[in-house]
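Enquirer: Here you go, this is query-v7.cif (mmCIF, C-alpha atoms).
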data_query
loop_
_atom_site.label_atom_id
_atom_site.label_comp_id
_atom_site.auth_asym_id
_atom_site.auth_seq_id
_atom_site.Cartn_x
_atom_site.Cartn_y
_atom_site.Cartn_z
CA MET J 1 55.11 80.73 154.63
CA THR J 2 57.46 83.54 155.67
CA LEU J 3 56.13 87.03 155.04
CA HIS J 4 58.33 89.92 154.03
CA ALA J 5 59.37 92.14 156.91
CA ASP J 6 57.17 95.00 155.78
CA ALA J 7 54.03 92.86 155.37
CA PRO J 8 51.19 93.51 157.82
CA ALA J 9 50.70 90.86 160.48
CA PRO J 10 47.81 88.56 159.53
CA ALA J 11 45.89 89.42 162.69
CA ALA J 12 45.80 93.06 161.68
CA LEU J 13 43.84 92.18 158.56
CA ASP J 14 41.51 89.65 160.14
CA THR J 15 38.76 92.21 160.80
CA ASP J 16 36.40 91.49 157.91
CA PRO J 17 34.58 88.17 157.43
CA VAL J 18 34.77 86.04 154.32
CA VAL J 19 31.43 86.65 152.59
CA PRO J 20 30.70 84.11 149.86
CA VAL J 21 28.54 85.31 146.96
CA ARG J 22 26.35 82.57 145.52
CA GLU J 23 24.74 82.89 142.10
CA ALA J 24 23.09 80.16 140.07
CA GLY J 25 25.36 78.80 137.37
CA LYS J 26 28.52 80.21 138.96
CA PRO J 27 31.07 79.02 141.49
CA VAL J 28 31.08 80.73 144.88
CA VAL J 29 32.90 84.09 144.68
CA VAL J 30 34.67 85.83 147.57
CA HIS J 31 35.66 89.46 147.01
CA VAL J 32 39.01 90.23 148.64
CA PRO J 33 39.41 93.76 150.07
CA ALA J 34 41.77 96.05 148.16
CA THR J 35 45.36 95.59 149.29
CA GLY J 36 48.56 97.53 148.76
CA GLY J 37 50.37 94.69 147.00
CA ILE J 38 51.04 90.98 147.02
CA ASP J 39 52.57 90.96 150.54
CA GLU J 40 49.44 92.47 152.05
CA ALA J 41 47.27 90.17 149.94
CA VAL J 42 49.22 87.15 151.18
CA ALA J 43 48.70 88.32 154.75
CA TRP J 44 44.93 88.54 154.13
CA LEU J 45 44.88 85.06 152.60
CA THR J 46 46.86 83.68 155.54
CA ALA J 47 44.50 85.27 158.07
CA HIS J 48 41.40 83.95 156.27
CA ARG J 49 42.73 80.58 155.21
CA GLU J 50 40.57 78.54 157.61
CA SER J 51 37.40 80.36 156.55
CA VAL J 52 38.23 79.87 152.86
CA GLN J 53 38.97 76.18 153.51
CA ALA J 54 35.63 75.72 155.27
CA GLU J 55 33.85 77.25 152.29
CA LEU J 56 35.87 75.04 149.95
CA HIS J 57 34.66 71.92 151.77
CA ARG J 58 31.11 73.25 151.62
CA SER J 59 31.01 74.35 147.98
CA GLY J 60 33.83 72.41 146.32
CA ALA J 61 35.25 75.50 144.59
CA VAL J 62 35.86 79.10 145.67
CA LEU J 63 36.86 81.97 143.38
CA LEU J 64 38.84 84.74 145.12
CA ARG J 65 38.49 88.06 143.29
CA GLY J 66 40.45 91.29 143.62
CA LEU J 67 43.98 90.00 144.22
CA PRO J 68 47.18 91.52 142.78
CA VAL J 69 48.29 88.29 141.09
CA THR J 70 50.17 89.31 137.95
CA ASP J 71 52.79 86.62 137.31
CA ALA J 72 54.08 83.22 138.39
CA ALA J 73 55.94 84.66 141.39
CA SER J 74 52.92 86.41 142.90
CA PHE J 75 50.78 83.35 142.14
CA ALA J 76 53.28 81.13 143.97
CA ALA J 77 53.23 83.48 146.97
CA ALA J 78 49.43 83.27 147.12
CA ARG J 79 49.62 79.48 146.69
CA ASP J 80 51.92 79.18 149.70
CA ALA J 81 49.40 81.11 151.82
CA LEU J 82 46.54 78.82 150.86
CA ILE J 83 48.15 75.39 150.39
CA SER J 84 50.36 73.82 153.03
CA ARG J 85 51.78 70.88 151.02
CA ARG J 86 52.59 70.74 147.32
CA ALA J 87 51.51 67.76 145.23
CA GLY J 88 53.38 66.38 142.26
CA TYR J 89 51.99 65.99 138.74
CA LYS J 90 52.28 62.28 138.00
CA GLU J 91 51.71 60.21 134.87
CA LYS J 92 51.46 63.30 132.68
CA ALA J 93 48.70 63.19 130.10
CA THR J 94 48.63 66.70 128.58
CA PRO J 95 51.30 69.24 127.64
CA ARG J 96 52.00 71.96 130.22
CA THR J 97 54.56 74.71 130.61
CA ASP J 98 56.58 74.40 133.82
CA PHE J 99 57.29 77.81 135.41
CA GLY J 100 59.19 76.28 138.32
CA GLU J 101 58.39 76.04 142.04
CA GLY J 102 55.40 73.79 141.34
CA VAL J 103 53.66 76.32 139.06
CA PHE J 104 52.42 75.18 135.64
CA SER J 105 50.24 76.40 132.81
CA SER J 106 46.75 74.98 133.20
CA THR J 107 47.17 73.15 129.87
CA ASP J 108 48.68 73.91 126.49
CA LEU J 109 45.99 72.31 124.34
CA PRO J 110 44.69 74.39 121.37
CA ALA J 111 42.34 77.29 122.17
CA VAL J 112 39.56 75.90 119.96
CA GLN J 113 39.46 72.66 121.95
CA PRO J 114 37.20 72.65 125.02
CA ILE J 115 38.25 70.37 127.86
CA ARG J 116 35.57 68.28 129.54
CA LEU J 117 35.20 68.00 133.29
CA HIS J 118 37.64 65.64 135.01
CA ASN J 119 39.28 65.10 138.41
CA GLU J 120 43.02 65.70 138.28
CA ASN J 121 45.11 62.49 138.40
CA SER J 122 42.09 60.31 139.19
CA TYR J 123 44.02 57.37 137.71
CA THR J 124 46.97 57.57 140.14
CA LEU J 125 47.27 56.05 143.62
CA ASP J 126 47.62 59.48 145.18
CA PHE J 127 46.45 62.76 143.75
CA PRO J 128 46.12 66.46 144.55
CA GLY J 129 43.43 67.18 147.11
CA VAL J 130 43.35 70.84 146.09
CA LEU J 131 44.03 72.71 142.85
CA LEU J 132 44.69 76.44 142.64
CA PHE J 133 44.11 78.27 139.36
CA GLY J 134 45.20 81.86 138.80
CA CYS J 135 44.40 84.28 135.98
CA VAL J 136 47.38 86.30 134.79
CA THR J 137 45.89 87.13 131.38
CA ALA J 138 42.13 86.87 130.84
CA PRO J 139 41.01 85.77 127.34
CA GLU J 140 38.94 88.04 125.12
CA GLU J 141 36.14 85.49 124.87
CA GLY J 142 35.34 82.20 126.61
CA GLY J 143 38.12 80.32 128.34
CA ALA J 144 36.48 79.94 131.75
CA THR J 145 37.79 77.17 133.97
CA THR J 146 34.56 75.27 134.47
CA VAL J 147 33.81 73.26 137.61
CA GLY J 148 31.17 70.72 138.54
CA ASP J 149 30.12 69.19 141.87
CA MET J 150 30.84 65.46 141.79
CA ARG J 151 28.67 64.78 144.85
CA GLU J 152 25.72 66.04 142.83
CA ALA J 153 26.89 64.16 139.74
CA LEU J 154 26.85 60.90 141.69
CA ARG J 155 23.28 61.62 142.83
CA LEU J 156 22.15 62.37 139.27
CA LEU J 157 23.72 59.43 137.45
CA PRO J 158 21.46 56.47 136.62
CA PRO J 159 21.49 54.17 139.69
CA GLU J 160 22.06 51.01 137.66
CA LEU J 161 25.11 52.59 136.02
CA VAL J 162 26.48 53.70 139.39
CA ALA J 163 26.05 50.16 140.73
CA ARG J 164 28.12 48.71 137.89
CA PHE J 165 30.94 51.21 138.42
CA GLU J 166 30.77 50.76 142.17
CA LYS J 167 31.33 47.03 141.81
CA THR J 168 34.01 46.93 139.10
CA GLY J 169 35.61 50.40 138.98
CA TRP J 170 36.94 51.73 135.68
CA LEU J 171 39.83 50.70 133.46
CA LEU J 172 42.21 53.09 131.67
CA VAL J 173 44.24 51.88 128.68
CA ARG J 174 46.95 54.20 127.34
CA ASN J 175 48.99 53.81 124.15
CA TYR J 176 52.06 56.06 124.25
CA SER J 177 53.15 57.57 120.97
CA GLU J 178 55.21 60.38 119.49
CA LEU J 179 52.30 61.22 117.17
CA ALA J 180 49.24 61.22 119.43
CA GLY J 181 49.03 61.80 123.16
CA LEU J 182 52.41 61.81 124.92
CA PRO J 183 55.37 59.44 124.54
CA TRP J 184 56.09 57.28 127.57
CA TYR J 185 59.30 59.06 128.50
CA ARG J 186 57.44 62.35 128.91
CA THR J 187 54.66 60.77 130.93
CA PHE J 188 57.07 59.07 133.31
CA ALA J 189 59.76 61.80 133.13
CA THR J 190 62.54 59.34 132.31
CA GLU J 191 64.20 57.83 129.25
CA ASP J 192 65.21 54.74 131.23
CA LYS J 193 62.80 51.87 130.62
CA ALA J 194 63.77 50.25 133.90
CA VAL J 195 62.77 53.39 135.83
CA ALA J 196 59.42 53.53 134.03
CA GLU J 197 58.85 49.83 134.74
CA ALA J 198 59.68 50.30 138.43
CA TYR J 199 57.20 53.17 138.67
CA CYS J 200 54.49 51.05 137.05
CA THR J 201 55.15 48.11 139.37
CA GLU J 202 55.13 50.31 142.46
CA ASN J 203 51.94 52.12 141.39
CA THR J 204 49.86 49.15 140.19
CA VAL J 205 50.08 50.02 136.50
CA GLY J 206 50.28 47.12 134.08
CA TYR J 207 52.66 47.70 131.18
CA GLU J 208 53.70 46.14 127.89
CA TRP J 209 56.50 47.16 125.51
CA LEU J 210 55.76 46.96 121.79
CA ASP J 211 58.19 46.23 118.97
CA ASP J 212 58.68 49.91 118.11
CA ASP J 213 59.68 50.76 121.71
CA SER J 214 56.28 52.27 122.40
CA MET J 215 54.35 51.29 125.50
CA VAL J 216 50.83 50.28 126.53
CA THR J 217 49.62 50.61 130.12
CA ARG J 218 46.48 49.38 131.88
CA GLN J 219 45.24 50.37 135.29
CA ARG J 220 41.96 49.73 137.06
CA ARG J 221 40.82 52.26 139.64
CA SER J 222 37.79 52.99 141.77
CA ALA J 223 35.20 55.21 140.08
CA ILE J 224 33.65 56.32 143.38
CA ILE J 225 35.50 57.54 146.46
CA THR J 226 34.69 59.08 149.83
CA HIS J 227 36.17 62.45 150.77
CA PRO J 228 38.44 61.80 153.78
CA VAL J 229 37.46 65.10 155.49
CA THR J 230 33.80 65.67 154.65
CA GLY J 231 32.82 61.97 154.48
CA GLU J 232 30.84 62.54 151.25
CA ARG J 233 30.82 60.10 148.36
CA CYS J 234 31.99 61.50 145.02
CA TRP J 235 32.11 60.40 141.40
CA PHE J 236 35.89 60.52 140.77
CA ASN J 237 37.39 59.36 137.48
CA HIS J 238 38.35 60.12 133.87
CA PHE J 239 35.99 57.54 132.40
CA ALA J 240 33.91 59.75 130.08
CA PHE J 241 36.76 62.23 129.57
CA TRP J 242 38.92 59.62 127.79
CA ASN J 243 36.26 57.31 126.43
CA SER J 244 36.39 56.94 122.65
CA ARG J 245 32.64 57.55 122.43
CA THR J 246 33.13 61.04 123.88
CA LEU J 247 35.31 62.03 120.94
CA ASP J 248 33.90 63.99 118.04
CA PRO J 249 32.76 61.29 115.58
CA ASP J 250 35.03 62.59 112.79
CA VAL J 251 38.04 62.66 115.12
CA ARG J 252 37.25 59.17 116.40
CA GLU J 253 36.99 57.84 112.86
CA VAL J 254 40.40 59.23 111.90
CA LEU J 255 42.06 57.92 115.08
CA GLU J 256 40.53 54.48 114.75
CA GLU J 257 41.54 54.28 111.07
CA THR J 258 45.09 55.30 112.00
CA TYR J 259 45.66 53.36 115.22
CA GLY J 260 42.82 50.84 115.43
CA GLU J 261 40.22 50.81 118.19
CA ASP J 262 42.65 49.17 120.60
CA GLY J 263 45.48 51.57 119.75
CA LEU J 264 43.94 54.91 120.68
CA PRO J 265 46.09 57.17 122.88
CA PHE J 266 43.47 56.84 125.64
CA ASN J 267 40.42 54.68 126.09
CA THR J 268 38.34 53.63 129.06
CA TYR J 269 36.20 50.65 130.00
CA LEU J 270 34.21 49.39 132.92
CA GLY J 271 36.49 47.66 135.37
CA ASP J 272 35.36 44.27 134.03
CA GLY J 273 36.70 45.22 130.59
CA SER J 274 33.30 45.80 128.99
CA ARG J 275 32.37 48.88 127.00
CA LEU J 276 29.47 51.21 127.70
CA THR J 277 27.04 51.99 124.92
CA ASP J 278 26.95 55.40 123.27
CA ASP J 279 23.76 56.18 125.19
CA GLU J 280 25.38 55.30 128.52
CA VAL J 281 28.44 57.47 127.85
CA ASP J 282 26.11 60.26 126.72
CA ALA J 283 24.22 59.93 130.01
CA ILE J 284 27.42 60.53 131.99
CA ASN J 285 28.36 63.54 129.87
CA ALA J 286 24.82 64.92 130.20
CA VAL J 287 25.19 64.84 133.99
CA TYR J 288 28.52 66.67 133.69
CA ASP J 289 26.79 69.33 131.59
CA GLN J 290 24.02 69.59 134.17
CA VAL J 291 26.36 70.25 137.11
CA THR J 292 28.80 72.55 135.26
CA VAL J 293 29.14 76.12 136.53
CA ARG J 294 31.40 78.86 135.20
CA GLU J 295 32.60 82.39 135.82
CA THR J 296 34.44 84.63 133.37
CA TRP J 297 38.05 85.12 134.39
CA GLN J 298 39.29 88.53 135.49
CA GLN J 299 42.99 89.31 135.82
CA GLY J 300 44.15 88.51 139.35
CA ASP J 301 41.41 85.96 140.09
CA LEU J 302 42.32 82.82 142.00
CA MET J 303 40.11 79.76 142.14
CA LEU J 304 40.58 77.00 144.69
CA VAL J 305 39.08 73.66 143.67
CA ASP J 306 38.70 70.65 145.94
CA ASN J 307 39.79 67.99 143.46
CA LEU J 308 37.65 65.29 145.07
CA LEU J 309 34.44 67.26 145.47
CA CYS J 310 34.66 69.03 142.10
CA ALA J 311 35.80 68.18 138.60
CA HIS J 312 37.16 70.94 136.39
CA GLY J 313 37.42 71.69 132.67
CA ARG J 314 37.99 74.53 130.23
CA GLU J 315 35.95 76.36 127.63
CA ALA J 316 37.31 77.08 124.17
CA PHE J 317 38.51 80.67 123.92
CA LYS J 318 39.75 83.52 121.74
CA GLY J 319 42.65 85.86 122.43
CA ASP J 320 45.59 85.49 124.76
CA ARG J 321 44.94 83.41 127.87
CA LYS J 322 47.38 82.67 130.68
CA ILE J 323 45.96 80.62 133.52
CA LEU J 324 48.41 79.17 136.03
CA VAL J 325 47.83 76.11 138.17
CA ALA J 326 49.39 74.61 141.28
CA MET J 327 48.52 71.35 142.98
CA GLY J 328 48.58 70.61 146.69
CA GLU J 329 47.36 68.74 149.77
CA PRO J 330 48.03 65.25 148.31
CA VAL J 331 45.53 62.51 149.15
CA ALA J 332 46.04 58.76 148.95
CA LEU J 333 43.38 56.70 147.20
CA ALA J 334 43.63 54.21 150.05
CA ASP J 335 42.34 56.90 152.43
CA CYS J 336 39.20 57.49 150.34
CA ALA J 337 37.32 54.20 150.89
CA PRO J 338 37.56 53.11 147.23
CA THR J 339 34.73 50.81 146.21
CA SER J 340 37.10 48.68 144.13
CA GLN J 341 40.79 48.10 144.66
CA PRO J 342 43.57 49.16 142.27
CA SER J 343 44.63 46.48 139.81
CA THR J 344 46.46 45.98 136.52
CA THR J 345 43.78 43.61 135.26
CA VAL J 346 40.03 43.62 134.71
CA HIS J 347 37.60 42.81 137.50
CA THR J 348 36.61 39.15 137.20
CA GLY J 349 33.87 39.18 139.81
CA ALA J 350 35.85 37.03 142.20
#
If you convert what's in this file into structure tokens, what do you get?

Expert:
Amino acid sequence: MTLHADAPAPAALDTDPVVPVREAGKPVVVHVPATGGIDEAVAWLTAHRESVQAELHRSGAVLLRGLPVTDAASFAAARDALISRRAGYKEKATPRTDFGEGVFSSTDLPAVQPIRLHNENSYTLDFPGVLLFGCVTAPEEGGATTVGDMREALRLLPPELVARFEKTGWLLVRNYSELAGLPWYRTFATEDKAVAEAYCTENTVGYEWLDDDSMVTRQRRSAIITHPVTGERCWFNHFAFWNSRTLDPDVREVLEETYGEDGLPFNTYLGDGSRLTDDEVDAINAVYDQVTVRETWQQGDLMLVDNLLCAHGREAFKGDRKILVAMGEPVALADCAPTSQPSTTVHTGA
């Protein structure tokens, strides 16, 4: 990161400690001293980066309050002070606006639709280690970016359920469509089938082309990983997020009538191909609810999230809302001691 010539040297600002504020039901909040503009704020972030990172590894998420972040450019400048390596957004699953320079909208799903906790790109072979969210426009009501500690989730889940996931992992099946979810060419950012096939082969994603030129993919991944820095085991997956039993019953009925149970845009299974019962899926979602914390966005807020230690989501909201996101510090699944290996097929027990 190169500071502007008139920006204060980081050492000049490194006179006040990072003081985390901890309140039940909220992520850790750090109040940033008032600065004269984004250059001075970037200098403060640079000077305190190691302290913020240490708190991130301790708490899983840190909200930085009081920054002059007003647009994509100032957000990107703050990102570059906090994140050393950018991470790509692979195998796209939701619509986002791309503002350039690795800055996106958090998601463009309808305001009335809450988003359940999930770990970004948990289904890929490498994924962002850190996410940075920034509030440019705070909503009138709701709209918090929720977070939940996945170390705690793993401790709270029923042991027999954890054992099954630990042995077999989880299986994601995607049906790509113009009408529901995303078409394959948007997910893989290409209109060339051969390029999409090469990506799938390289990234252990099984694929099948259907008669109407749509695509089905299958990929088995570990449901539990170990953080490569802290050494802590974490629940890390999209299993409940995309499971058909998590859907509103009326929505599920319409989708299943339209596409069939095997044709849903997303569905998940245990790694051996079996389905969980409604009660078992409800138990996972109940744990997510139990570990969820939230803080109302204020304009200028940044929130760092360790993508392995914490899952994130979004509340429904009213009014304008503009939350930016950037992804960084990529991590390879292979470096996280996965309990089951990536595969394009179900776990047979062999």

Enquirer: Can you check which parts of range 93-153 of chain J lie within 8 Å of range 53-74 of chain J? Per residue, the shortest pair of atoms and distance in Å to one decimal, counting all atoms listed in the file, sorted by chain and number, as a tab-separated table.

Expert:
residue	atom	partner	partner_atom	distance
J:Phe99	CA	J:Ala72	CA	7.0
J:Val103	CA	J:Ala72	CA	6.9
J:Gly134	CA	J:Val69	CA	7.5
J:Cys135	CA	J:Val69	CA	7.6
J:Val136	CA	J:Thr70	CA	5.2
J:Val147	CA	J:Ala61	CA	7.5
J:Asp149	CA	J:Gly60	CA	6.6

Enquirer: Any chance you could tabulate, as a Markdown table, the residues of range 175-260 of chain J at most 12 Å from range 157-160 of chain J with each one's nearest atom pair and distance in Å to one decimal, using all atoms listed in the file, in chain and rising number order?

Expert:
| residue | atom | partner | partner_atom | distance |
| --- | --- | --- | --- | --- |
| J:Ile224 | CA | J:Leu157 | CA | 12.0 |
| J:Cys234 | CA | J:Leu157 | CA | 11.4 |
| J:Trp235 | CA | J:Leu157 | CA | 9.3 |

Enquirer: Which residue out of J:Val293, J:Ala81, J:Ala24, J:Val19 has the minimum interatomic distance to Asp39 in chain J when all atoms listed in the file are used?

Expert: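 Among the listed residues, J:Ala81 lies closest to Asp39 in chain J.
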
Enquirer: Considering all atoms listed in the file, state which residue in the set J:Gly129, J:Gly260, J:Pro27, J:Pro342 is at the smallest distance from Glu295 in chain J.

Expert: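 For Glu295 in chain J, the nearest of the candidates is J:Pro27.
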
Enquirer: Give as a PDB file with C-alpha atoms, keeping the file's coordinate frame every residue, naming chains and numbers as the document does, that has an atom within 7 Å of (35.1, 69.4, 144.7), counting all atoms listed in the file.

Expert:
ATOM      1  CA  GLY J  60      33.830  72.410 146.320  1.00  0.00           C
ATOM      2  CA  ALA J  61      35.250  75.500 144.590  1.00  0.00           C
ATOM      3  CA  ASP J 149      30.120  69.190 141.870  1.00  0.00           C
ATOM      4  CA  MET J 150      30.840  65.460 141.790  1.00  0.00           C
ATOM      5  CA  VAL J 305      39.080  73.660 143.670  1.00  0.00           C
ATOM      6  CA  ASP J 306      38.700  70.650 145.940  1.00  0.00           C
ATOM      7  CA  ASN J 307      39.790  67.990 143.460  1.00  0.00           C
ATOM      8  CA  LEU J 308      37.650  65.290 145.070  1.00  0.00           C
ATOM      9  CA  LEU J 309      34.440  67.260 145.470  1.00  0.00           C
ATOM     10  CA  CYS J 310      34.660  69.030 142.100  1.00  0.00           C
ATOM     11  CA  ALA J 311      35.800  68.180 138.600  1.00  0.00           C
TER      12      ALA J 311
END

Enquirer: Would you work out the distance separating CA of Arg116 in chain J from CA of His238 in chain J, expressed in Å to one decimal?

Expert: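 Distance between the two atoms: 9.6 Å.
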
Enquirer: Skip Glu329 in chain J itself and residues of its chain fewer than 2 positions away, then list as a PyMOL selection string all residues within 8 Å of it, counting only C-alpha atoms.

Expert: chain J and resi 83-87+128-130+327+331

Enquirer: At what distance in Å, to one decimal, does CA of Thr107 in chain J lie from CA of Lys322 in chain J?

Expert: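 Taking CA of Lys322 in chain J as the start and CA of Thr107 in chain J as the end point, the length is 9.6 Å.
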
Enquirer: Anything within 7 Å of (49.7, 50.2, 130.2): list those residues as a compact mmCIF listing (two decimals) with C-alpha atoms, in the coordinates of the input, counting all atoms listed in the file and sticking to the file's coordinates.

Expert:
# COMPACT_ATOMS: atom_id res chain seq x y z
CA VAL J 173 44.24 51.88 128.68
CA ARG J 174 46.95 54.20 127.34
CA VAL J 205 50.08 50.02 136.50
CA GLY J 206 50.28 47.12 134.08
CA TYR J 207 52.66 47.70 131.18
CA GLU J 208 53.70 46.14 127.89
CA MET J 215 54.35 51.29 125.50
CA VAL J 216 50.83 50.28 126.53
CA THR J 217 49.62 50.61 130.12
CA ARG J 218 46.48 49.38 131.88
CA GLN J 219 45.24 50.37 135.29

Enquirer: Extract, using only C-alpha atoms, all DNA, RNA and protein residues at most 12 Å from Ala189 in chain J, discarding same-chain residues fewer than 2 positions from it, and format them as a PyMOL selection string.

Expert: chain J and resi 89-93+182-187+191-193+195-196+199

Enquirer: I'd like to know which of J:Phe188, J:Phe165, J:Trp209, J:Phe104 is closest to Leu131 in chain J, using only C-alpha atoms.

Expert: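 Between J:Phe188, J:Phe165, J:Trp209, J:Phe104, the residue approaching Leu131 in chain J most closely is J:Phe104.
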
Enquirer: Have a look at J:Lys318, J:Lys26, J:Arg164, J:Arg79 and name the one nearest to Asp272 in chain J; count all atoms listed in the file.

Expert: J:Arg164

Enquirer: Residues at most 8 Å from Thr296 in chain J, counting all atoms listed in the file, excluding those fewer than 4 positions away in the same chain, as a ChimeraX atom specification?

Expert: /J:142-144

Enquirer: At what distance in Å, to one decimal, does CA of Tyr269 in chain J lie from CA of Asn243 in chain J?

Expert: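 We find that CA of Asn243 in chain J and CA of Tyr269 in chain J lie 7.6 Å from each other.
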
Enquirer: Pick out the closest residue to Ala337 in chain J from this set: J:Leu264, J:Glu166, J:Thr201, J:Ala283. Count all atoms listed in the file.

Expert: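 Result for the nearest residue to Ala337 in chain J: J:Glu166.
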
Enquirer: My list of candidates is J:Thr190, J:Glu315, J:Cys200, J:Leu161. Which is closest to Val281 in chain J when distances are computed with all atoms listed in the file?

Expert: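 Once distances to Val281 in chain J are computed over all atoms listed in the file, the minimum belongs to J:Leu161.
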